[in-house]
Structure formats: structure tokens, C-alpha cells
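So this one's upload-v2.cif, mmCIF, C-alpha atoms and all ligand atoms:
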data_model
loop_
_atom_site.label_atom_id
_atom_site.label_comp_id
_atom_site.auth_asym_id
_atom_site.auth_seq_id
_atom_site.Cartn_x
_atom_site.Cartn_y
_atom_site.Cartn_z
CA MET W 1 5.56 18.38 22.38
CA SER W 2 6.93 15.08 21.01
CA ASP W 3 5.75 14.01 17.57
CA ARG W 4 5.03 10.61 19.16
CA ASP W 5 1.75 12.09 20.40
CA VAL W 6 0.29 11.14 17.04
CA VAL W 7 1.07 7.49 17.79
CA GLN W 8 -0.48 7.64 21.24
CA LYS W 9 -3.59 9.29 19.86
CA ALA W 10 -4.04 6.89 16.91
CA ARG W 11 -7.19 4.79 17.36
CA ARG W 12 -7.00 2.69 14.19
CA TRP W 13 -3.76 0.90 13.34
CA VAL W 14 -2.67 -1.27 10.44
CA VAL W 15 0.22 -3.46 11.63
CA LYS W 16 2.31 -5.07 8.89
CA ILE W 17 4.57 -7.95 9.84
CA GLY W 18 7.20 -8.65 7.20
CA SER W 19 8.64 -11.93 5.94
CA ALA W 20 12.13 -11.05 7.14
CA LEU W 21 10.78 -10.99 10.68
CA LEU W 22 8.16 -13.70 10.66
CA THR W 23 10.00 -16.55 9.18
CA ALA W 24 12.63 -17.48 11.74
CA ASP W 25 15.52 -17.16 9.31
CA GLY W 26 13.76 -19.09 6.59
CA ARG W 27 12.77 -22.05 8.75
CA GLY W 28 9.00 -21.60 8.61
CA LEU W 29 7.04 -19.34 10.93
CA ASP W 30 8.42 -17.92 14.15
CA ARG W 31 5.41 -18.96 16.25
CA GLU W 32 6.83 -17.67 19.50
CA SER W 33 7.17 -14.15 18.12
CA ILE W 34 3.68 -14.35 16.60
CA GLY W 35 2.42 -15.17 20.11
CA GLN W 36 4.10 -12.06 21.48
CA TRP W 37 2.72 -9.70 18.83
CA VAL W 38 -0.75 -11.20 19.25
CA SER W 39 -0.65 -10.67 22.99
CA GLN W 40 0.24 -7.01 22.44
CA VAL W 41 -2.47 -6.58 19.81
CA ALA W 42 -4.94 -8.05 22.33
CA GLN W 43 -3.84 -5.40 24.85
CA LEU W 44 -4.27 -2.63 22.28
CA LEU W 45 -7.78 -3.87 21.50
CA GLU W 46 -8.60 -3.78 25.22
CA GLN W 47 -7.45 -0.15 25.24
CA GLY W 48 -9.92 0.66 22.46
CA VAL W 49 -7.43 0.70 19.57
CA GLU W 50 -8.70 -1.04 16.43
CA VAL W 51 -6.07 -3.20 14.74
CA VAL W 52 -5.89 -4.80 11.31
CA LEU W 53 -2.93 -7.11 10.65
CA VAL W 54 -1.21 -7.47 7.30
CA SER W 55 0.97 -10.54 7.56
CA SER W 56 3.49 -12.00 5.14
CA GLY W 57 5.00 -15.44 5.60
CA ALA W 58 2.84 -17.70 3.42
CA VAL W 59 5.56 -18.56 0.91
CA ALA W 60 8.16 -19.20 3.62
CA GLU W 61 5.79 -21.40 5.64
CA GLY W 62 4.72 -23.26 2.49
CA MET W 63 8.35 -23.94 1.58
CA SER W 64 8.99 -25.26 5.04
CA ARG W 65 5.89 -27.53 4.94
CA LEU W 66 6.86 -28.84 1.51
CA GLY W 67 10.47 -29.40 2.57
CA TRP W 68 11.87 -26.96 -0.01
CA ARG W 69 15.16 -25.36 1.01
CA LYS W 70 15.51 -22.96 -1.88
CA ARG W 71 12.92 -20.32 -2.86
CA PRO W 72 11.55 -21.55 -6.21
CA SER W 73 11.92 -19.27 -9.19
CA SER W 74 8.79 -20.41 -11.01
CA VAL W 75 5.69 -18.35 -10.28
CA HIS W 76 3.47 -21.43 -10.12
CA GLU W 77 5.66 -23.08 -7.51
CA LEU W 78 5.67 -19.86 -5.48
CA GLN W 79 1.90 -19.71 -5.75
CA ALA W 80 1.61 -23.34 -4.67
CA ALA W 81 3.90 -22.69 -1.70
CA ALA W 82 1.83 -19.63 -0.73
CA ALA W 83 -1.38 -21.67 -0.85
CA VAL W 84 0.10 -24.35 1.42
CA GLY W 85 1.71 -21.83 3.75
CA GLN W 86 -1.33 -19.59 4.12
CA MET W 87 -2.98 -22.46 6.03
CA GLY W 88 -0.17 -22.41 8.57
CA LEU W 89 -0.19 -18.66 8.79
CA VAL W 90 -3.88 -18.36 9.64
CA GLN W 91 -3.68 -21.35 11.99
CA ALA W 92 -0.87 -19.64 13.90
CA TYR W 93 -2.81 -16.36 14.32
CA GLU W 94 -6.11 -18.09 15.07
CA PHE W 95 -4.47 -20.25 17.78
CA GLN W 96 -2.75 -17.30 19.44
CA PHE W 97 -5.78 -14.98 19.35
CA GLN W 98 -7.94 -17.76 20.84
CA GLN W 99 -5.87 -17.45 24.03
CA PHE W 100 -7.38 -13.95 24.32
CA ASN W 101 -10.92 -14.96 23.24
CA ARG W 102 -10.58 -13.06 20.00
CA HIS W 103 -11.73 -14.23 16.59
CA THR W 104 -9.58 -13.68 13.51
CA ALA W 105 -10.67 -13.40 9.88
CA GLN W 106 -8.59 -14.32 6.86
CA VAL W 107 -8.74 -11.68 4.11
CA LEU W 108 -6.83 -12.24 0.86
CA LEU W 109 -6.67 -9.28 -1.51
CA ASP W 110 -5.11 -8.52 -4.86
CA HIS W 111 -4.77 -5.35 -6.84
CA ASP W 112 -7.78 -6.20 -9.01
CA ASP W 113 -9.96 -6.25 -5.90
CA LEU W 114 -8.92 -2.74 -5.04
CA SER W 115 -9.07 -1.44 -8.64
CA ASN W 116 -12.68 -2.42 -9.13
CA ARG W 117 -14.81 0.19 -7.37
CA GLU W 118 -17.50 -2.28 -6.30
CA ARG W 119 -15.06 -4.83 -4.90
CA TYR W 120 -13.09 -2.03 -3.22
CA LEU W 121 -16.25 -0.85 -1.46
CA ASN W 122 -17.12 -4.42 -0.48
CA ALA W 123 -13.67 -4.99 0.99
CA ARG W 124 -13.99 -1.71 2.88
CA ASN W 125 -17.41 -2.59 4.28
CA THR W 126 -16.34 -6.08 5.29
CA LEU W 127 -13.26 -4.79 7.11
CA GLN W 128 -15.36 -2.14 8.88
CA SER W 129 -17.85 -4.82 9.97
CA LEU W 130 -15.10 -7.12 11.22
CA MET W 131 -13.54 -4.31 13.25
CA SER W 132 -16.84 -3.32 14.78
CA LEU W 133 -17.35 -6.97 15.80
CA GLY W 134 -13.98 -6.90 17.58
CA VAL W 135 -12.57 -9.48 15.14
CA VAL W 136 -8.96 -9.10 13.98
CA PRO W 137 -8.60 -9.26 10.17
CA VAL W 138 -5.38 -10.95 9.07
CA ILE W 139 -4.67 -9.81 5.52
CA ASN W 140 -2.24 -11.13 2.94
CA GLU W 141 -1.92 -10.82 -0.81
CA ASN W 142 -3.96 -13.42 -2.69
CA ASP W 143 -0.73 -14.94 -4.01
CA THR W 144 -2.39 -17.94 -5.68
CA VAL W 145 -4.22 -15.90 -8.28
CA VAL W 146 -2.11 -12.83 -8.92
CA THR W 147 -0.23 -12.30 -12.14
CA ASP W 148 2.76 -9.98 -12.47
CA GLU W 149 0.58 -7.21 -13.81
CA ILE W 150 -1.58 -7.02 -10.70
CA ARG W 151 0.93 -8.14 -8.06
CA PHE W 152 1.71 -5.99 -5.04
CA GLY W 153 4.75 -8.27 -4.58
CA ASP W 154 5.77 -6.81 -1.28
CA ASN W 155 3.27 -6.46 1.53
CA ASP W 156 4.32 -2.89 2.35
CA SER W 157 2.26 -1.50 -0.53
CA LEU W 158 -0.65 -3.79 0.34
CA ALA W 159 -0.56 -2.54 3.95
CA ALA W 160 -0.58 1.08 2.78
CA MET W 161 -3.59 0.42 0.54
CA VAL W 162 -5.33 -1.21 3.48
CA ALA W 163 -4.56 1.89 5.60
CA ASN W 164 -6.24 3.99 2.86
CA LEU W 165 -9.11 1.53 2.62
CA ILE W 166 -10.05 1.67 6.30
CA ASP W 167 -8.94 5.28 6.99
CA ALA W 168 -6.36 4.14 9.53
CA ASP W 169 -4.55 6.79 11.60
CA LEU W 170 -1.34 4.79 11.76
CA LEU W 171 0.56 2.25 9.68
CA VAL W 172 3.12 0.29 11.72
CA ILE W 173 5.62 -1.65 9.59
CA LEU W 174 7.41 -4.23 11.71
CA THR W 175 10.66 -5.38 10.18
CA ASP W 176 14.05 -6.88 11.06
CA GLN W 177 15.85 -3.53 11.51
CA HIS W 178 15.11 -0.87 14.13
CA GLY W 179 13.84 1.51 11.45
CA LEU W 180 15.20 3.50 8.54
CA TYR W 181 18.95 4.17 8.74
CA ASP W 182 20.99 6.64 6.73
CA ALA W 183 22.45 3.57 4.91
CA ASP W 184 21.57 -0.14 4.81
CA PRO W 185 22.79 -1.41 8.21
CA ARG W 186 23.53 -4.86 6.76
CA LYS W 187 26.23 -3.29 4.63
CA HIS W 188 27.10 -0.31 6.87
CA PRO W 189 27.12 -1.39 10.51
CA LYS W 190 27.80 2.16 11.66
CA ALA W 191 24.74 3.61 9.96
CA ASN W 192 22.53 5.91 12.08
CA LEU W 193 18.86 5.45 12.80
CA ILE W 194 16.58 8.22 11.57
CA PHE W 195 13.93 8.95 14.21
CA HIS W 196 11.52 11.01 12.20
CA GLY W 197 10.83 12.55 8.83
CA LYS W 198 8.17 13.48 6.39
CA ALA W 199 6.34 10.80 4.38
CA GLY W 200 7.25 11.18 0.71
CA ASP W 201 10.47 13.13 1.36
CA PRO W 202 12.70 12.31 -1.66
CA ALA W 203 15.84 12.82 0.47
CA LEU W 204 14.80 9.89 2.67
CA GLU W 205 13.78 7.78 -0.30
CA ALA W 206 17.33 8.16 -1.62
CA LEU W 207 18.68 6.43 1.53
CA ALA W 208 16.55 3.33 1.15
CA GLY W 209 17.94 0.12 -0.27
CA GLU W 210 16.84 -3.39 -1.22
CA GLY W 211 15.64 -6.07 1.19
CA GLY W 212 17.34 -9.18 2.53
CA ALA W 213 17.02 -12.76 1.26
CA LEU W 214 13.62 -13.33 2.87
CA GLY W 215 11.89 -10.00 2.47
CA ARG W 216 10.65 -8.58 -0.80
CA GLY W 217 10.96 -4.84 -1.05
CA GLY W 218 13.50 -3.59 1.51
CA MET W 219 13.25 -0.01 2.74
CA THR W 220 12.35 1.31 -0.71
CA THR W 221 8.87 -0.17 -0.60
CA LYS W 222 8.42 0.86 3.06
CA LEU W 223 9.02 4.51 2.21
CA LYS W 224 6.74 4.22 -0.79
CA ALA W 225 4.14 2.72 1.54
CA ALA W 226 4.51 5.71 3.89
CA ARG W 227 3.88 8.01 0.93
CA LEU W 228 0.76 6.04 -0.06
CA ALA W 229 -0.54 5.87 3.51
CA ALA W 230 -0.15 9.64 3.84
CA ARG W 231 -2.73 10.10 1.08
CA SER W 232 -5.45 9.27 3.57
CA GLY W 233 -3.69 11.05 6.42
CA ALA W 234 -2.11 7.96 8.06
CA ASN W 235 1.31 8.40 9.68
CA THR W 236 3.79 5.53 9.28
CA LEU W 237 6.17 3.96 11.78
CA ILE W 238 8.95 1.66 10.54
CA VAL W 239 10.23 -0.23 13.53
CA GLY W 240 12.07 -3.34 14.68
CA GLY W 241 9.56 -6.09 15.44
CA ARG W 242 11.92 -8.07 17.67
CA ALA W 243 12.13 -5.44 20.42
CA GLU W 244 10.26 -6.57 23.51
CA ASN W 245 6.64 -5.31 23.79
CA ILE W 246 7.22 -3.16 20.76
CA LEU W 247 3.56 -2.41 20.01
CA THR W 248 2.49 -1.56 23.55
CA ARG W 249 5.58 0.59 24.06
CA LEU W 250 4.80 2.49 20.89
CA ALA W 251 1.24 3.02 22.09
CA GLU W 252 2.66 4.54 25.28
CA GLY W 253 4.54 7.08 23.17
CA GLU W 254 8.03 5.59 23.47
CA GLU W 255 10.35 6.95 20.79
CA LEU W 256 11.24 3.80 18.86
CA GLY W 257 11.82 3.36 15.13
CA THR W 258 11.31 5.90 12.37
CA LEU W 259 8.14 7.98 12.37
CA LEU W 260 7.13 9.38 8.97
CA LEU W 261 4.50 12.05 9.29
CA ALA W 262 1.71 12.54 6.77
CA GLU W 263 1.76 16.25 6.28
CA GLN W 264 -0.57 16.53 3.35
CA GLU W 265 -4.33 17.00 3.68
CA PRO W 266 -6.07 13.64 3.34
CA ILE W 267 -7.55 13.26 -0.15
CA ALA W 268 -11.12 12.09 -0.55
CA ALA W 269 -11.65 8.34 -0.48
CA ARG W 270 -12.73 8.11 -4.12
CA LYS W 271 -9.59 9.90 -5.27
CA GLN W 272 -7.35 7.69 -3.12
CA TRP W 273 -8.93 4.72 -4.78
CA LEU W 274 -8.25 6.26 -8.17
CA ALA W 275 -4.63 7.05 -7.38
CA GLY W 276 -4.00 3.54 -6.12
CA ARG W 277 -5.04 1.79 -9.34
CA LEU W 278 -2.17 0.07 -11.13
CA GLN W 279 -3.40 -0.44 -14.63
CA VAL W 280 -2.95 2.72 -16.61
CA ARG W 281 -4.11 2.22 -20.19
CA GLY W 282 -2.71 5.25 -21.97
CA SER W 283 -1.80 8.88 -21.70
CA VAL W 284 -2.85 12.32 -22.89
CA THR W 285 -0.38 15.18 -23.36
CA LEU W 286 -1.68 18.53 -22.12
CA ASP W 287 -0.75 21.95 -23.42
CA HIS W 288 0.68 24.52 -21.04
CA GLY W 289 -2.68 26.17 -20.31
CA ALA W 290 -4.45 22.92 -19.47
CA THR W 291 -1.54 21.83 -17.26
CA GLN W 292 -1.87 25.01 -15.24
CA VAL W 293 -5.64 24.86 -14.92
CA LEU W 294 -5.45 21.28 -13.64
CA GLN W 295 -2.62 21.91 -11.23
CA GLN W 296 -3.63 25.29 -9.89
CA GLN W 297 -7.40 25.45 -10.16
CA GLY W 298 -8.37 21.78 -9.80
CA LYS W 299 -10.60 21.97 -12.90
CA SER W 300 -11.74 19.22 -15.29
CA LEU W 301 -9.74 18.40 -18.41
CA LEU W 302 -11.42 19.57 -21.63
CA PRO W 303 -10.50 18.14 -25.06
CA VAL W 304 -9.30 21.55 -26.22
CA GLY W 305 -6.27 21.42 -23.86
CA VAL W 306 -4.96 18.08 -25.15
CA LYS W 307 -2.26 17.78 -27.82
CA PHE W 308 -1.67 14.04 -28.18
CA VAL W 309 -3.21 10.73 -27.19
CA VAL W 310 -1.10 7.62 -26.64
CA GLY W 311 -2.39 4.07 -26.14
CA ASP W 312 -5.51 2.10 -26.86
CA PHE W 313 -8.06 2.61 -24.11
CA ASN W 314 -11.81 2.44 -23.67
CA ARG W 315 -14.08 4.94 -22.00
CA GLY W 316 -13.83 4.64 -18.22
CA ASP W 317 -10.19 3.48 -18.34
CA LEU W 318 -7.47 5.09 -16.26
CA VAL W 319 -5.05 7.30 -18.21
CA ARG W 320 -2.06 9.44 -17.34
CA CYS W 321 -2.08 13.20 -17.96
CA VAL W 322 1.42 14.40 -18.83
CA ASP W 323 2.75 17.90 -19.50
CA GLU W 324 4.60 18.88 -22.66
CA ASP W 325 7.88 17.60 -21.15
CA GLY W 326 6.36 14.19 -20.49
CA ASN W 327 6.05 14.62 -16.70
CA GLU W 328 3.01 12.97 -15.19
CA ILE W 329 0.86 15.57 -13.46
CA ALA W 330 -2.40 13.71 -12.92
CA ARG W 331 -4.31 10.57 -13.72
CA GLY W 332 -7.98 10.03 -14.22
CA LEU W 333 -10.85 8.07 -15.73
CA ILE W 334 -11.40 9.17 -19.30
CA ASN W 335 -14.87 9.75 -20.78
CA TYR W 336 -14.02 8.80 -24.37
CA SER W 337 -12.15 5.89 -25.98
CA ALA W 338 -8.72 6.45 -27.55
CA VAL W 339 -10.23 6.48 -31.04
CA GLU W 340 -12.84 9.05 -30.04
CA SER W 341 -10.36 11.12 -28.02
CA ARG W 342 -8.03 11.43 -31.02
CA LYS W 343 -10.92 12.94 -33.00
CA ILE W 344 -11.89 15.57 -30.43
CA ILE W 345 -8.59 16.75 -28.93
CA GLY W 346 -7.72 20.37 -29.61
CA LYS W 347 -11.42 21.07 -30.30
CA ASN W 348 -13.96 23.10 -28.42
CA SER W 349 -16.40 20.88 -26.44
CA GLU W 350 -19.37 22.32 -28.36
CA LEU W 351 -18.08 20.45 -31.44
CA ILE W 352 -18.00 16.98 -29.79
CA SER W 353 -21.55 16.18 -30.83
CA SER W 354 -21.01 17.02 -34.49
CA ILE W 355 -17.69 15.12 -34.62
CA LEU W 356 -18.73 11.95 -32.78
CA GLY W 357 -22.48 12.03 -33.34
CA TYR W 358 -23.12 12.20 -29.61
CA CYS W 359 -21.87 14.10 -26.56
CA ASP W 360 -22.34 12.57 -23.11
CA HIS W 361 -19.68 14.75 -21.47
CA LYS W 362 -18.08 18.03 -22.38
CA GLU W 363 -15.03 17.06 -20.29
CA LEU W 364 -12.46 14.52 -21.45
CA ILE W 365 -11.83 13.78 -17.76
CA HIS W 366 -14.15 15.22 -15.11
CA ARG W 367 -12.44 16.71 -12.05
CA ASP W 368 -14.24 14.22 -9.73
CA ASN W 369 -12.43 11.45 -11.59
CA LEU W 370 -9.05 13.19 -11.69
CA VAL W 371 -6.29 13.03 -9.12
CA LEU W 372 -3.14 15.14 -9.19
CA VAL W 373 0.12 13.23 -8.66
N1 LIG I 1 18.46 2.59 4.76
C1 LIG I 1 18.09 1.42 5.26
N2 LIG I 1 17.76 1.31 6.58
C2 LIG I 1 17.36 0.11 7.09
N3 LIG I 1 17.28 -1.04 6.38
C3 LIG I 1 17.59 -0.99 5.06
C4 LIG I 1 18.02 0.24 4.43
N4 LIG I 1 18.22 -0.02 3.12
C5 LIG I 1 17.98 -1.33 2.92
N5 LIG I 1 17.59 -1.94 4.09
C6 LIG I 1 17.27 -3.37 4.19
O1 LIG I 1 15.86 -3.58 4.25
C7 LIG I 1 15.65 -4.82 4.94
C8 LIG I 1 14.21 -4.94 5.40
O2 LIG I 1 13.38 -5.11 4.27
P1 LIG I 1 12.82 -6.55 3.81
O3 LIG I 1 13.97 -7.52 3.77
O4 LIG I 1 12.02 -6.36 2.59
O5 LIG I 1 11.93 -6.94 5.07
P2 LIG I 1 10.39 -7.20 5.32
O6 LIG I 1 10.14 -8.63 4.99
O7 LIG I 1 10.26 -6.90 6.80
O8 LIG I 1 9.57 -6.29 4.47
C9 LIG I 1 16.66 -4.76 6.06
O9 LIG I 1 17.00 -6.03 6.55
C10 LIG I 1 17.84 -4.01 5.45
O10 LIG I 1 18.89 -4.86 5.05
N1 LIG I 2 2.51 -12.54 0.19
C1 LIG I 2 3.85 -13.01 0.49
C2 LIG I 2 4.63 -11.93 1.17
C3 LIG I 2 5.43 -11.01 0.32
C4 LIG I 2 6.58 -10.47 1.17
O1 LIG I 2 7.46 -11.21 1.60
O2 LIG I 2 6.48 -9.16 1.50
P1 LIG I 2 7.40 -8.38 2.58
O3 LIG I 2 7.04 -8.88 3.94
O4 LIG I 2 6.92 -6.96 2.42
O5 LIG I 2 8.85 -8.53 2.31
C5 LIG I 2 3.84 -14.18 1.47
O6 LIG I 2 2.92 -14.27 2.32
O7 LIG I 2 4.76 -15.00 1.45
#
Any chance you could give the structure as C-alpha cells?
Amino acid sequence: MSDRDVVQKARRWVVKIGSALLTADGRGLDRESIGQWVSQVAQLLEQGVEVVLVSSGAVAEGMSRLGWRKRPSSVHELQAAAAVGQMGLVQAYEFQFQQFNRHTAQVLLDHDDLSNRERYLNARNTLQSLMSLGVVPVINENDTVVTDEIRFGDNDSLAAMVANLIDADLLVILTDQHGLYDADPRKHPKANLIFHGKAGDPALEALAGEGGALGRGGMTTKLKAARLAARSGANTLIVGGRAENILTRLAEGEELGTLLLAEQEPIAARKQWLAGRLQVRGSVTLDHGATQVLQQQGKSLLPVGVKFVVGDFNRGDLVRCVDEDGNEIARGLINYSAVESRKIIGKNSELISSILGYCDHKELIHRDNLVLV
């Protein structure tokens, strides 16, 4: 049995179209190619496959509209270009999907949206509603408002988070190469294409290099995206977007590109959300016993198993749990501030009340709010 069965069986796809592919060698959007992908997406929808698009290209289109030849280095100019270019991007998709009587919906997301539980759930519900209405969401990063701290930067990570958000079966990353090679084919023309592998395999991650002049993350971020997508059980395909009828051929089970299988059990939606948050506010160092209990028995973290606290966080913030050698083993939402935590670590939970004057939780981090990494 071919492992491409999983592609044929996938009913919910996230398709990411990268800058390197979309932007006609830096001269604005490649509208003809957009038309071809849209026509294939329309066919997939007719076959009962739900599709969400994650499309880059706003900055490149904005630069072209503004007559800029060189990518600006200032963040504000990039953000201005993205704002101008996003208009062209959504116009291009809207026009092409209209030929197939399909509506599109513009969705701009940033990391803050997905870090805040309420906004995360809203985004999830809205995307579910759009899909059930047969509308095609076209998602991009909300470039105009993001700061470095909350920037996805490349759209591979954004696409993986979207795959987690909507419980997609498949993440298809369309790019300018046929897939992952054993070396960067721009520098090594004789490199070999890798047809399949396991998402998160460090041996594959070691093969990945930087992107070209137009793209952001190269293969490195695509493999990271495969690892993230696997958290919710989505398989990832990295494939050349210029091949004729690429999406419909994939749906028929043709062996194109690199398939990275999600072999881990999907983790619960709340824990995926937790693991995907960027802003970690501090860390707690666990003793050997606590490390083992967390890793092997999936229990909550009690103050007694913690040796040190680093950082200045509030209750409810995300912190790293590291072992005595400094290796991160988990992260979770902490029940006490840094000041309070420092007072209760190493102590039995029965003493929390007498030390702090109150005790809302006997756990420093409850297991429902803890995710192993
Ligand atoms: N091992 C590899 N296999 C294939 N491509 C690689 C590899 N390492 C680096 N790359 C580079 O990654 C580029 C694609 O990434 P990127 O430029 O970020 O595109 P996109 O905009 O589609 O995300 C390719 O053009 C290629 O030069
Ligand atoms: N949000 C940016 C896209 C970032 C980007 O280029 O990402 P990628 O396609 O992953 O290389 C834009 O629309 O220009």
C-alpha cells in the first residue's frame, strides 16, 4: 500500500502558496498561476474536499504597485508594502474564484490572535463557519500590525498553526522546488528528491537550508511546519507548485513531492494551542523526580519538585519547565506569579496557604495546562 493513500483520503486541506512561487520572480503576482491553482481548488471542493488557502505575496505585490525594486529594510516600509499588496492579493483570488461561483474570505492573523484563547476559539469558529458555507478562506499574516516579538515571519509556520486550528488532515506547502532534497538544489544541482519521511525527523531537518531572495524561511521552516502540523495529526506535503495540475494530481494519489507523515498521536486541541504560544515569560527548573513524573506519568507539577525560578511572570503566564541540565521538557500555564513561586518552591503543597496567605491551587502547573515538548 502506498503512503499516498493518506493524501487521497484527506478531506480537509490547508494549501500554502509561498512567495517564491507566487511572485513571478519579484515582478508582482503571477496571476496566471493563481488562476490555475484556483481552478484546481475549485475541483477539489466539488469532490468534497474542504480547502483553506494560506497565501503569501502581499509584500511583493505591494512593492510592485509602489514601484519599489528593492525589498525595503525598514519594518514600517515592509508593513506599508504589505498593506498595499494585500489588496491585490485578495482581488486576484476573488476574481479567479468568481469564475467558479465561489466566494472567498480574507482572514489576517497574527501570533497574538492565536495566543489568546478567546481569539483563538473565535478564529477557529469563523473558519469552520466559512468552510461549511463553501467559502474559501484566504489567510495571510496580519503584516501591518505585527512586531518582531509576535511575527510568524514565514507563512509556513502560520499554515501549520492553521492546520492545527481547523484540524486539517493535510498541509500542502507549494513552493518553487519539487520538494525536499538531500541538499539545497540551488547550490547542488545534482541533489536528490526525498519522497517521504517522518515529520519531525532531525535527520531530515539537518538537510534543510535557507530560502531564496523572495521567500522567507526556506526548507527549514517547512520542516518545522511539518512538525507543528503533526501535533494535530496532519500530514505534510512539500511540493513544486509549478507542476501542471499539481493539486488534483496529488488528490489522485500521484507520488509527487515530499510526504512527511505525522506519526504521533494527535494532542488535544487545548494542548496544541498551548504548545503553539510564542511568548514564554520564564522558566522553572525541576528536580530529577519531578522531571520523571511529568515525562512518564503525565502528572501535574507540584511546587515541591521545583529547584529554581527564572524570570518575572504573572499567574496564568506561559513558562518553560527545564530539567537539571537545562533541557526544556514541557511548558505550561503557571498558577502563581514569579514572586509567589519563589516562596513556595521546594515546599509541600499543604504549606502554600500559610506561606502566601491563600491557596487556590496545590499544583504549580496543572496537567491540563501542561504540554510535554
Ligand atoms: N534541502 C533543500 N531542498 C529543497 N530546497 C531547499 C533545501 N534547502 C534550502 N532550500 C531552498 O528553499 C527554497 C524554498 O524556500 P523559500 O524561498 O522560503 O520559498 P517559499 O516562499 O515557497 O516559502 C528553495 O528555493 C531552495 O533554494
Ligand atoms: N506575509 C508575507 C509573506 C511572508 C513570506 O514570504 O513567507 P513564505 O512564503 O513562507 O516565504 C507576505 O504576504 O508578503
Proximity of region 103-175 of chain W to region 305-327 of chain W: per-residue shortest pair, 12 Å limit, all atoms listed in the file, as JSON lines:
{"residue": "W:Ser115", "atom": "CA", "partner": "W:Leu318", "partner_atom": "CA", "distance": 10.2}
{"residue": "W:Asn116", "atom": "CA", "partner": "W:Asp317", "partner_atom": "CA", "distance": 11.2}
{"residue": "W:Arg117", "atom": "CA", "partner": "W:Gly316", "partner_atom": "CA", "distance": 11.8}
Same residues, C-alpha atoms, output as a JSON list (two decimals), in the frame of the given file:
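Wrote result-v4.json, looks like this:
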[["chain", "number", "residue", "atom", "x", "y", "z"],
["W", 115, "SER", "CA", -9.07, -1.44, -8.64],
["W", 116, "ASN", "CA", -12.68, -2.42, -9.13],
["W", 117, "ARG", "CA", -14.81, 0.19, -7.37]]
Grab the CA of Glu141 (chain W) to CA of Arg281 (chain W) distance for me, in Å with one decimal place.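 Computing the Euclidean distance for CA of Glu141 (chain W) and CA of Arg281 (chain W) yields 23.5 Å.
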I want to know what sits within 7 Å of Ile238 (chain W), based on all atoms listed in the file, with residues of the same chain fewer than 4 positions away left out; could you give that as JSON, numbers by chain? {"W": [172, 173, 174, 179, 180, 257, 258, 259]}
Compile the contact shell of Glu50 (chain W) as a ChimeraX atom specification: residues with an atom at most 12 Å away, counting all atoms listed in the file, same-chain residues fewer than 6 positions apart removed. /W:10-15,41-44,127-137,163,166-171
One decimal, in Å: what's the spacing between CA of Asn235 (chain W) and CA of Glu263 (chain W)?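 Between CA of Asn235 (chain W) and CA of Glu263 (chain W) the gap is 8.6 Å.
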